[in-house]
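Engineer: Structure incoming, see below.
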Amino acid sequence: MSLDLDDLDRRILRALSRDSTQSAGALGRKLGLSQPATWRRIRRLEEAGVIAGRRVVVEPEALGFGVTVFLGVKLAAKGRVSLEDFERAVTAIPEVQVVQHVLGLFDYRLRVTARDLADFERVLRRRIMTLPGVGQVEANVLLSEERRPGPLG
Amino acid sequence: MQLDDTDRRILRQMMAEPGLPTAELAERAGVTSATCWRRIERLREGGVIRGEQALIDWHALGWEVEVSLRFTLDKTNPRAFDEFIAAAREVPEVLEIQSFLGSTDMRLQVIARDMAHYQEIYRNRILTLPHISELDALMLISTIKSSAELPV
């Protein structure tokens with residue numbers, strides 16, 4: 001079941017996915033909606049799970065995290081090692097921000113953040129390569145990234 | 001910008017639960033509301049906190065298919081990256097555009113309503129992007145962890 005969105009809902013989503021700190025009143029004024037009407041729409045989007053949460057956008061480099069690496073991981077011994085064991089161990093690593101189970105050349109996609117390349121090497125050797133069942137690993141160092149608004153009309 | 005332990009505590013709590021009211025955040029970080037508010041302002045001005053965004057669950061909107069497409073570009077053309085990125089921005093179903101150092105040059109996160117729709121996007125919008133030399137696809141089965149948290 002998916003929610004039917006009208007044009008105003010899409011504009012609200014677009015605005016909040018750019019900046020979720022704006023109040024219902026301020027957002028409503030931009031869209032020509034009253035504060036209560038805007039608030040009700042945001043509430044409905046949250047209750048339907050369309051707005052799944054909020055994320056604080058920080059500048060990783062300002063916090064001393066200069067390197068982001070995407071890893072493709074293939075499990076070596078499927079069947080012998082349970083996916084649950086691998087997933088439990090990999091999600092516990094603080095430097096691993098994203099874990100996705102995928103179908104294709106690899107079994108898992110990881111997003112790893114580290115202070116620098118030496119720190120990344122430490123995480124890779126001590127934490128990733130020692131995970132249960134881990135086989136082939138491919139690493140790509142992130143150079144640039146942009147998030148797009150997505151298909152919102 | 002220099003960060004101290006108080007900044008780090010506030011940041012940790014903010015990243016763990018974005019959208020908390022300042023009073024609640026201050027209590028969790030063990031500082032007064034006034035201090036918390038001042039510190040957050042300072043972190044914003046210093047460019048450490050760039051903003052806060054709502055996360056859209058595309059699945060809840062009926063977008064069932066999510067694919068990570070990885071490209072190798074034809075680097076004999078010096079404009080390959082710029083032109084590829086500019087063209088990828090024109091595809092509404094593209095959620096993320098990343099460039100890499102490694103065996104993969106570019107990556108696009110693409111969503112579609114279903115497999116038929118994905119096939120249509122793949123044929124008409126993806127394969128027509130400029131300067132593609134090779135590409136492979138990783139189809140998302142499930143997201144086990146997705147966190148913007150940093151071990152600060």
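Identifiers in the structure tokens: chain A, B, ... in order shown; residue index from 1 per chain; ligand index from 1 in order shown.
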Got a sec: who's within 10 Å of Asp9 (chain A), counting only C-alpha atoms, leaving out chain neighbours fewer than 3 positions off, as a list in words?
Structural biologist: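 After dropping sequence-adjacent residues, the list is Asp4, Leu5, Asp6, Ile12, Leu13, Arg14, Ala15, Thr38, Arg41, Ile42, Arg44, Leu45 and Leu152 of chain A.
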Engineer: Could the residues of chain A within 8 Å of chain B, counting only C-alpha atoms, be given as a ChimeraX atom specification, please?
Structural biologist: /A:1-4,13,16-21,48-60,62-63,87,91,94-95,97-106,113,139-152
Engineer: Find the residue from B:Glu27, B:Asp7, B:Asp74, B:Glu83 that sits nearest to Arg42 (chain B); use only C-alpha atoms when measuring.
Structural biologist: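 Looking at the shortest contact to Arg42 (chain B), the residue is B:Asp7.
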Engineer: How would you write, as a VMD selection string, the set of residues in region 25-150 of chain A that DSSP gives as alpha helix (DSSP H)?
Structural biologist: chain A and resid 25 to 31 35 to 47 83 to 91 117 to 122
Engineer: Keeping only N, CA and C atoms, write the selected residues as a JSON list (two decimals), in the first residue's frame.
Structural biologist:
```
[["chain", "number", "residue", "atom", "x", "y", "z"],
["A", 25, "GLY", "N", 4.86, 26.70, 10.17],
["A", 25, "GLY", "CA", 4.39, 28.05, 9.83],
["A", 25, "GLY", "C", 5.20, 28.64, 8.69],
["A", 26, "ALA", "N", 6.52, 28.57, 8.81],
["A", 26, "ALA", "CA", 7.40, 29.15, 7.79],
["A", 26, "ALA", "C", 7.24, 28.43, 6.46],
["A", 27, "LEU", "N", 7.15, 27.10, 6.53],
["A", 27, "LEU", "CA", 6.98, 26.31, 5.31],
["A", 27, "LEU", "C", 5.63, 26.60, 4.66],
["A", 28, "GLY", "N", 4.58, 26.71, 5.49],
["A", 28, "GLY", "CA", 3.24, 27.00, 4.98],
["A", 28, "GLY", "C", 3.20, 28.33, 4.23],
["A", 29, "ARG", "N", 3.89, 29.32, 4.80],
["A", 29, "ARG", "CA", 3.89, 30.64, 4.14],
["A", 29, "ARG", "C", 4.47, 30.56, 2.73],
["A", 30, "LYS", "N", 5.53, 29.76, 2.58],
["A", 30, "LYS", "CA", 6.15, 29.62, 1.25],
["A", 30, "LYS", "C", 5.20, 28.94, 0.27],
["A", 31, "LEU", "N", 4.35, 28.03, 0.81],
["A", 31, "LEU", "CA", 3.49, 27.24, -0.08],
["A", 31, "LEU", "C", 2.08, 27.82, -0.16],
["A", 35, "GLN", "N", -0.61, 27.45, 8.79],
["A", 35, "GLN", "CA", 0.26, 26.66, 9.66],
["A", 35, "GLN", "C", -0.39, 25.32, 10.05],
["A", 36, "PRO", "N", -1.69, 25.33, 10.51],
["A", 36, "PRO", "CA", -2.29, 24.04, 10.89],
["A", 36, "PRO", "C", -2.42, 23.06, 9.71],
["A", 37, "ALA", "N", -2.73, 23.58, 8.54],
["A", 37, "ALA", "CA", -2.87, 22.70, 7.37],
["A", 37, "ALA", "C", -1.52, 22.08, 7.01],
["A", 38, "THR", "N", -0.45, 22.88, 7.09],
["A", 38, "THR", "CA", 0.88, 22.37, 6.78],
["A", 38, "THR", "C", 1.27, 21.32, 7.81],
["A", 39, "TRP", "N", 1.00, 21.65, 9.09],
["A", 39, "TRP", "CA", 1.33, 20.73, 10.17],
["A", 39, "TRP", "C", 0.63, 19.39, 9.99],
["A", 40, "ARG", "N", -0.67, 19.44, 9.61],
["A", 40, "ARG", "CA", -1.44, 18.19, 9.41],
["A", 40, "ARG", "C", -0.84, 17.34, 8.30],
["A", 41, "ARG", "N", -0.41, 18.01, 7.23],
["A", 41, "ARG", "CA", 0.19, 17.28, 6.11],
["A", 41, "ARG", "C", 1.51, 16.63, 6.51],
["A", 42, "ILE", "N", 2.33, 17.37, 7.26],
["A", 42, "ILE", "CA", 3.63, 16.81, 7.70],
["A", 42, "ILE", "C", 3.36, 15.61, 8.60],
["A", 43, "ARG", "N", 2.41, 15.77, 9.49],
["A", 43, "ARG", "CA", 2.02, 14.71, 10.42],
["A", 43, "ARG", "C", 1.59, 13.45, 9.66],
["A", 44, "ARG", "N", 0.78, 13.65, 8.61],
["A", 44, "ARG", "CA", 0.28, 12.52, 7.83],
["A", 44, "ARG", "C", 1.44, 11.81, 7.13],
["A", 45, "LEU", "N", 2.41, 12.60, 6.61],
["A", 45, "LEU", "CA", 3.57, 12.01, 5.93],
["A", 45, "LEU", "C", 4.44, 11.23, 6.92],
["A", 46, "GLU", "N", 4.51, 11.73, 8.14],
["A", 46, "GLU", "CA", 5.29, 11.03, 9.16],
["A", 46, "GLU", "C", 4.59, 9.73, 9.58],
["A", 47, "GLU", "N", 3.27, 9.82, 9.78],
["A", 47, "GLU", "CA", 2.53, 8.65, 10.22],
["A", 47, "GLU", "C", 2.52, 7.54, 9.18],
["A", 83, "LEU", "N", 24.56, -15.57, 7.36],
["A", 83, "LEU", "CA", 24.49, -14.15, 7.04],
["A", 83, "LEU", "C", 24.28, -13.34, 8.31],
["A", 84, "GLU", "N", 23.51, -13.92, 9.23],
["A", 84, "GLU", "CA", 23.23, -13.20, 10.48],
["A", 84, "GLU", "C", 24.52, -12.91, 11.25],
["A", 85, "ASP", "N", 25.44, -13.89, 11.28],
["A", 85, "ASP", "CA", 26.69, -13.68, 12.01],
["A", 85, "ASP", "C", 27.50, -12.55, 11.38],
["A", 86, "PHE", "N", 27.56, -12.56, 10.05],
["A", 86, "PHE", "CA", 28.29, -11.51, 9.36],
["A", 86, "PHE", "C", 27.64, -10.15, 9.62],
["A", 87, "GLU", "N", 26.32, -10.12, 9.49],
["A", 87, "GLU", "CA", 25.60, -8.84, 9.65],
["A", 87, "GLU", "C", 25.72, -8.30, 11.06],
["A", 88, "ARG", "N", 25.65, -9.17, 12.05],
["A", 88, "ARG", "CA", 25.75, -8.73, 13.43],
["A", 88, "ARG", "C", 27.13, -8.13, 13.68],
["A", 89, "ALA", "N", 28.16, -8.81, 13.18],
["A", 89, "ALA", "CA", 29.52, -8.34, 13.42],
["A", 89, "ALA", "C", 29.81, -7.04, 12.66],
["A", 90, "VAL", "N", 29.34, -6.95, 11.44],
["A", 90, "VAL", "CA", 29.68, -5.77, 10.63],
["A", 90, "VAL", "C", 28.94, -4.52, 11.11],
["A", 91, "THR", "N", 27.70, -4.68, 11.55],
["A", 91, "THR", "CA", 26.95, -3.50, 12.00],
["A", 91, "THR", "C", 27.50, -2.97, 13.33],
["A", 117, "LEU", "N", 43.77, 7.62, 5.35],
["A", 117, "LEU", "CA", 43.96, 6.32, 4.71],
["A", 117, "LEU", "C", 44.61, 5.30, 5.65],
["A", 118, "ALA", "N", 45.50, 5.78, 6.52],
["A", 118, "ALA", "CA", 46.14, 4.87, 7.48],
["A", 118, "ALA", "C", 45.09, 4.31, 8.44],
["A", 119, "ASP", "N", 44.19, 5.18, 8.89],
["A", 119, "ASP", "CA", 43.12, 4.76, 9.78],
["A", 119, "ASP", "C", 42.19, 3.78, 9.05],
["A", 120, "PHE", "N", 41.92, 4.07, 7.77],
["A", 120, "PHE", "CA", 41.08, 3.16, 6.99],
["A", 120, "PHE", "C", 41.73, 1.79, 6.89],
["A", 121, "GLU", "N", 43.05, 1.78, 6.68],
["A", 121, "GLU", "CA", 43.76, 0.50, 6.56],
["A", 121, "GLU", "C", 43.63, -0.31, 7.85],
["A", 122, "ARG", "N", 43.70, 0.41, 8.98],
["A", 122, "ARG", "CA", 43.54, -0.25, 10.27],
["A", 122, "ARG", "C", 42.14, -0.89, 10.39]]
```
Engineer: Within region 58-127 of chain B, find each residue whose DSSP state, derived from the backbone, is strand (DSSP E), and express the selection as a PyMOL selection string.
Structural biologist: chain B and resi 65-73+94-101+106-112
Engineer: Store the residues picked out above in a file with C-alpha atoms, as a PDB file, in the first residue's frame.
Structural biologist:
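out13.pdb, freshly written:
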```
ATOM      1  CA  VAL B  65      13.209  -1.361  -6.592  1.00  0.00           C
ATOM      2  CA  GLU B  66      16.531   0.175  -5.590  1.00  0.00           C
ATOM      3  CA  VAL B  67      19.740  -0.422  -7.514  1.00  0.00           C
ATOM      4  CA  SER B  68      23.326   0.663  -7.091  1.00  0.00           C
ATOM      5  CA  LEU B  69      24.812   1.162 -10.569  1.00  0.00           C
ATOM      6  CA  ARG B  70      28.583   1.317 -10.859  1.00  0.00           C
ATOM      7  CA  PHE B  71      30.249   2.764 -13.913  1.00  0.00           C
ATOM      8  CA  THR B  72      33.657   2.850 -15.487  1.00  0.00           C
ATOM      9  CA  LEU B  73      33.931   5.852 -17.784  1.00  0.00           C
ATOM     10  CA  VAL B  94      18.682   9.051  -9.427  1.00  0.00           C
ATOM     11  CA  LEU B  95      18.989   9.610  -5.666  1.00  0.00           C
ATOM     12  CA  GLU B  96      22.768   9.738  -5.234  1.00  0.00           C
ATOM     13  CA  ILE B  97      25.696  10.556  -7.490  1.00  0.00           C
ATOM     14  CA  GLN B  98      29.194   9.685  -6.295  1.00  0.00           C
ATOM     15  CA  SER B  99      32.615   9.701  -7.881  1.00  0.00           C
ATOM     16  CA  PHE B 100      35.465   7.448  -6.782  1.00  0.00           C
ATOM     17  CA  LEU B 101      39.115   6.695  -6.918  1.00  0.00           C
ATOM     18  CA  MET B 106      30.983   6.683 -10.715  1.00  0.00           C
ATOM     19  CA  ARG B 107      28.081   5.283  -8.819  1.00  0.00           C
ATOM     20  CA  LEU B 108      24.379   6.101  -9.095  1.00  0.00           C
ATOM     21  CA  GLN B 109      21.684   5.056  -6.653  1.00  0.00           C
ATOM     22  CA  VAL B 110      18.529   4.579  -8.735  1.00  0.00           C
ATOM     23  CA  ILE B 111      14.974   3.759  -7.686  1.00  0.00           C
ATOM     24  CA  ALA B 112      12.050   2.439  -9.712  1.00  0.00           C
TER      25      ALA B 112
END
```
Engineer: Just want the 9 Å neighbourhood of Ala34 (chain B), counted on only C-alpha atoms, with same-chain residues fewer than 5 positions away dropped. Output as an MDAnalysis selection string.
Structural biologist: chainID B and resid 22:23 26 39
